[in-house]
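Student: Contents are compact mmCIF, C-alpha atoms; file name input.txt:
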# COMPACT_ATOMS: atom_id res chain seq x y z
CA PRO R 15 -97.96 -22.79 -68.04
CA ARG R 16 -95.56 -23.59 -70.92
CA PHE R 17 -92.50 -23.22 -68.70
CA LEU R 18 -94.01 -25.36 -65.96
CA GLU R 19 -95.06 -28.09 -68.39
CA ARG R 20 -91.54 -28.31 -69.82
CA TRP R 21 -89.87 -28.11 -66.40
CA LEU R 22 -91.98 -30.95 -65.02
CA THR R 23 -91.56 -33.22 -68.05
CA THR R 24 -88.01 -32.60 -69.30
CA GLU R 25 -85.95 -35.75 -69.67
CA GLY R 26 -84.14 -36.48 -66.42
CA HIS R 27 -86.59 -34.43 -64.33
CA ARG R 28 -88.83 -36.36 -61.93
CA ALA R 29 -91.84 -34.47 -60.60
CA LEU R 30 -93.98 -35.46 -57.62
CA ALA R 31 -97.24 -33.96 -56.45
CA ARG R 32 -98.99 -34.20 -53.11
CA VAL R 33 -102.75 -34.35 -53.15
CA VAL R 34 -104.78 -34.31 -49.93
CA ASP R 35 -108.55 -34.80 -50.05
CA GLY R 36 -108.49 -34.24 -53.81
CA ARG R 37 -106.60 -30.93 -53.56
CA LEU R 38 -103.04 -30.27 -54.71
CA THR R 39 -101.06 -29.22 -51.63
CA GLY R 40 -97.61 -29.13 -53.17
CA TYR R 41 -95.20 -30.37 -55.78
CA GLY R 42 -91.50 -30.81 -56.27
CA VAL R 43 -88.96 -31.76 -58.91
CA ILE R 44 -85.59 -33.48 -58.75
CA ARG R 45 -83.27 -33.17 -61.71
CA PRO R 46 -79.66 -33.68 -62.71
CA GLY R 47 -77.20 -30.96 -61.81
CA ARG R 48 -73.50 -30.44 -62.41
CA ASP R 49 -72.24 -31.75 -59.04
CA ALA R 50 -75.40 -33.17 -57.48
CA LEU R 51 -79.04 -33.79 -58.14
CA ARG R 52 -81.03 -30.59 -57.64
CA VAL R 53 -84.41 -30.31 -55.94
CA GLY R 54 -86.46 -27.40 -57.19
CA PRO R 55 -89.05 -26.26 -57.08
CA LEU R 56 -90.35 -27.59 -53.80
CA PHE R 57 -93.58 -25.70 -53.18
CA ALA R 58 -95.99 -26.81 -50.45
CA ASP R 59 -98.88 -25.50 -48.41
CA THR R 60 -97.41 -26.80 -45.14
CA ALA R 61 -94.20 -28.19 -43.69
CA GLU R 62 -95.93 -31.59 -43.52
CA ASP R 63 -96.63 -31.44 -47.27
CA ALA R 64 -93.04 -30.40 -47.98
CA ARG R 65 -91.71 -33.19 -45.75
CA ALA R 66 -93.72 -35.82 -47.65
CA LEU R 67 -92.58 -34.47 -51.00
CA LEU R 68 -88.92 -34.26 -49.99
CA ALA R 69 -89.08 -37.84 -48.73
CA GLY R 70 -90.30 -38.93 -52.15
CA LEU R 71 -87.71 -36.86 -53.98
CA ALA R 72 -84.93 -38.18 -51.72
CA ALA R 73 -86.10 -41.71 -52.53
CA GLU R 74 -85.77 -40.83 -56.23
CA ALA R 75 -82.17 -39.79 -55.53
CA ALA R 76 -81.51 -43.38 -54.42
CA GLY R 77 -78.58 -42.46 -52.17
CA ARG R 78 -77.02 -39.96 -54.57
CA VAL R 79 -76.08 -36.50 -53.36
CA PHE R 80 -78.80 -33.88 -53.77
CA ALA R 81 -79.09 -30.18 -53.02
CA VAL R 82 -81.94 -27.73 -52.43
CA ASP R 83 -81.76 -23.93 -52.66
CA ILE R 84 -83.83 -22.78 -49.70
CA PRO R 85 -84.98 -19.25 -48.94
CA GLU R 86 -83.59 -18.44 -45.50
CA GLU R 87 -86.75 -16.54 -44.52
CA ASN R 88 -88.73 -19.81 -44.53
CA THR R 89 -87.57 -21.20 -41.20
CA ALA R 90 -89.67 -24.37 -41.68
CA ALA R 91 -87.79 -25.04 -44.92
CA VAL R 92 -84.45 -24.53 -43.20
CA ALA R 93 -85.49 -26.93 -40.43
CA LEU R 94 -86.59 -29.53 -42.99
CA ALA R 95 -83.25 -29.33 -44.79
CA GLU R 96 -81.45 -29.76 -41.48
CA GLU R 97 -83.54 -32.91 -40.81
CA TYR R 98 -81.98 -34.35 -43.97
CA GLY R 99 -78.50 -33.38 -42.85
CA LEU R 100 -78.18 -30.73 -45.53
CA THR R 101 -75.80 -27.88 -44.75
CA PRO R 102 -75.32 -24.50 -46.44
CA SER R 103 -72.68 -24.40 -49.14
CA PHE R 104 -73.17 -20.80 -50.31
CA GLU R 105 -75.51 -17.84 -49.92
CA THR R 106 -77.20 -15.61 -52.45
CA ALA R 107 -79.10 -12.36 -52.27
CA ARG R 108 -82.31 -11.54 -54.07
CA MET R 109 -82.08 -8.02 -55.48
CA TYR R 110 -84.80 -5.84 -56.99
CA THR R 111 -84.91 -2.80 -59.25
CA GLY R 112 -88.47 -1.83 -58.39
CA PRO R 113 -91.15 -2.62 -55.87
CA ILE R 114 -90.88 -6.01 -54.23
CA ARG R 115 -93.74 -8.17 -55.43
CA PRO R 116 -95.33 -10.16 -52.63
CA TYR R 117 -95.21 -13.94 -52.77
CA ALA R 118 -96.08 -16.78 -50.42
CA HIS R 119 -92.57 -17.21 -49.00
CA ASP R 120 -93.86 -19.62 -46.36
CA ARG R 121 -94.77 -22.07 -49.16
CA VAL R 122 -91.39 -21.98 -50.92
CA PHE R 123 -89.34 -24.84 -49.49
CA GLY R 124 -87.00 -24.92 -52.47
CA VAL R 125 -86.60 -22.41 -55.31
CA THR R 126 -87.00 -23.65 -58.86
CA THR R 127 -83.49 -22.73 -59.94
CA LEU R 128 -81.11 -19.90 -59.17
CA GLU R 129 -80.29 -19.61 -62.86
CA LEU R 130 -83.78 -18.24 -63.54
CA GLY R 131 -84.08 -16.08 -60.42
Can the structure from this file be put into structure tokens for me?
Tutor:
Amino acid sequence: PRFLERWLTTEGHRALARVVDGRLTGYGVIRPGRDALRVGPLFADTAEDARALLAGLAAEAAGRVFAVDIPEENTAAVALAEEYGLTPSFETARMYTGPIRPYAHDRVFGVTTLELG
């Protein structure tokens, strides 16, 4: 909770949430980066939720270049990025030293930051 609070409210970070019928269905953040604005996290219950959030975050970019680190296994996230004309610039690999902990990969449309894993 402390990390999330700081990530969402740090100066220069703009966070958006999507609420449907009184229930949080996703949230995303856009923040300054070295070469472009960075979107992350972008977590959503559905592709529709992610699409609405990315539209809002793109509006926050106001025409400036932005980037999203998308897990390749989420094909809906890849398709959404392609809708925005985003193209891959590099690839990474997630590596583990122990058992792989399960997570809702179909809800990760953009990782928080590669710097934190």
Student: Using all atoms listed in the file, which protein or nucleic acid residues come within 9 Å of segment 32-43 of chain R? Drop anything in the same chain fewer than 5 positions from it, and give the result as a PyMOL selection string.
Tutor: chain R and resi 21-22+27+52-60+63-64+66-68+71+121+124+126
Student: Could you please determine the separation between atom CA of Gly99 of chain R and atom CA of Pro46 of chain R in Å, to one decimal place?
Tutor: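 For atom CA of Gly99 of chain R relative to atom CA of Pro46 of chain R, the distance reads 19.9 Å.
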Student: Work out where the centre of an axis-aligned box around every listed atom of segment 36-48 of chain R lies and how long its edges are once 6 Å is added on each side; give both in Å to one decimal as lines of an AutoDock Vina configuration file.
Tutor:
center_x = -91.0
center_y = -31.7
center_z = -57.2
size_x = 47.0
size_y = 17.1
size_z = 23.1
Student: Neighbours of Leu100 of chain R within 12 Å (all atoms listed in the file; same-chain residues fewer than 3 positions away dropped), as a PyMOL selection string?
Tutor: chain R and resi 72+79-84+91-97+103
Student: When you draw a straight line from atom CA of Ala73 of chain R to atom CA of Gly26 of chain R, how long is it in Å?
Tutor: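 Distance between the two atoms: 15.0 Å.
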Student: Enter the distance from atom CA of Ala69 of chain R to atom CA of Thr23 of chain R, in Å, rounded to one decimal.
Tutor: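 We find that atom CA of Ala69 of chain R and atom CA of Thr23 of chain R lie 20.0 Å from each other.
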Student: Which residue out of R:Pro113, R:Arg28, R:His119, R:Arg48 has the minimum interatomic distance to Ala75 of chain R when only C-alpha atoms are used?
Tutor: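 For Ala75 of chain R, the nearest of the candidates is R:Arg28.
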Student: Residues within 12 Å of Glu105 of chain R, please, as a ChimeraX atom specification. Count all atoms listed in the file; anything in the same chain fewer than 2 positions from it doesn't count.
Tutor: /R:83-86,101-103,107-108,128
Student: Just to be explicit: take each residue in the selection above, keep C-alpha atoms, and write the result as a CSV table (one decimal), keeping the file's coordinate frame.
Tutor:
chain,number,residue,atom,x,y,z
R,83,ASP,CA,-81.8,-23.9,-52.7
R,84,ILE,CA,-83.8,-22.8,-49.7
R,85,PRO,CA,-85.0,-19.2,-48.9
R,86,GLU,CA,-83.6,-18.4,-45.5
R,101,THR,CA,-75.8,-27.9,-44.8
R,102,PRO,CA,-75.3,-24.5,-46.4
R,103,SER,CA,-72.7,-24.4,-49.1
R,107,ALA,CA,-79.1,-12.4,-52.3
R,108,ARG,CA,-82.3,-11.5,-54.1
R,128,LEU,CA,-81.1,-19.9,-59.2
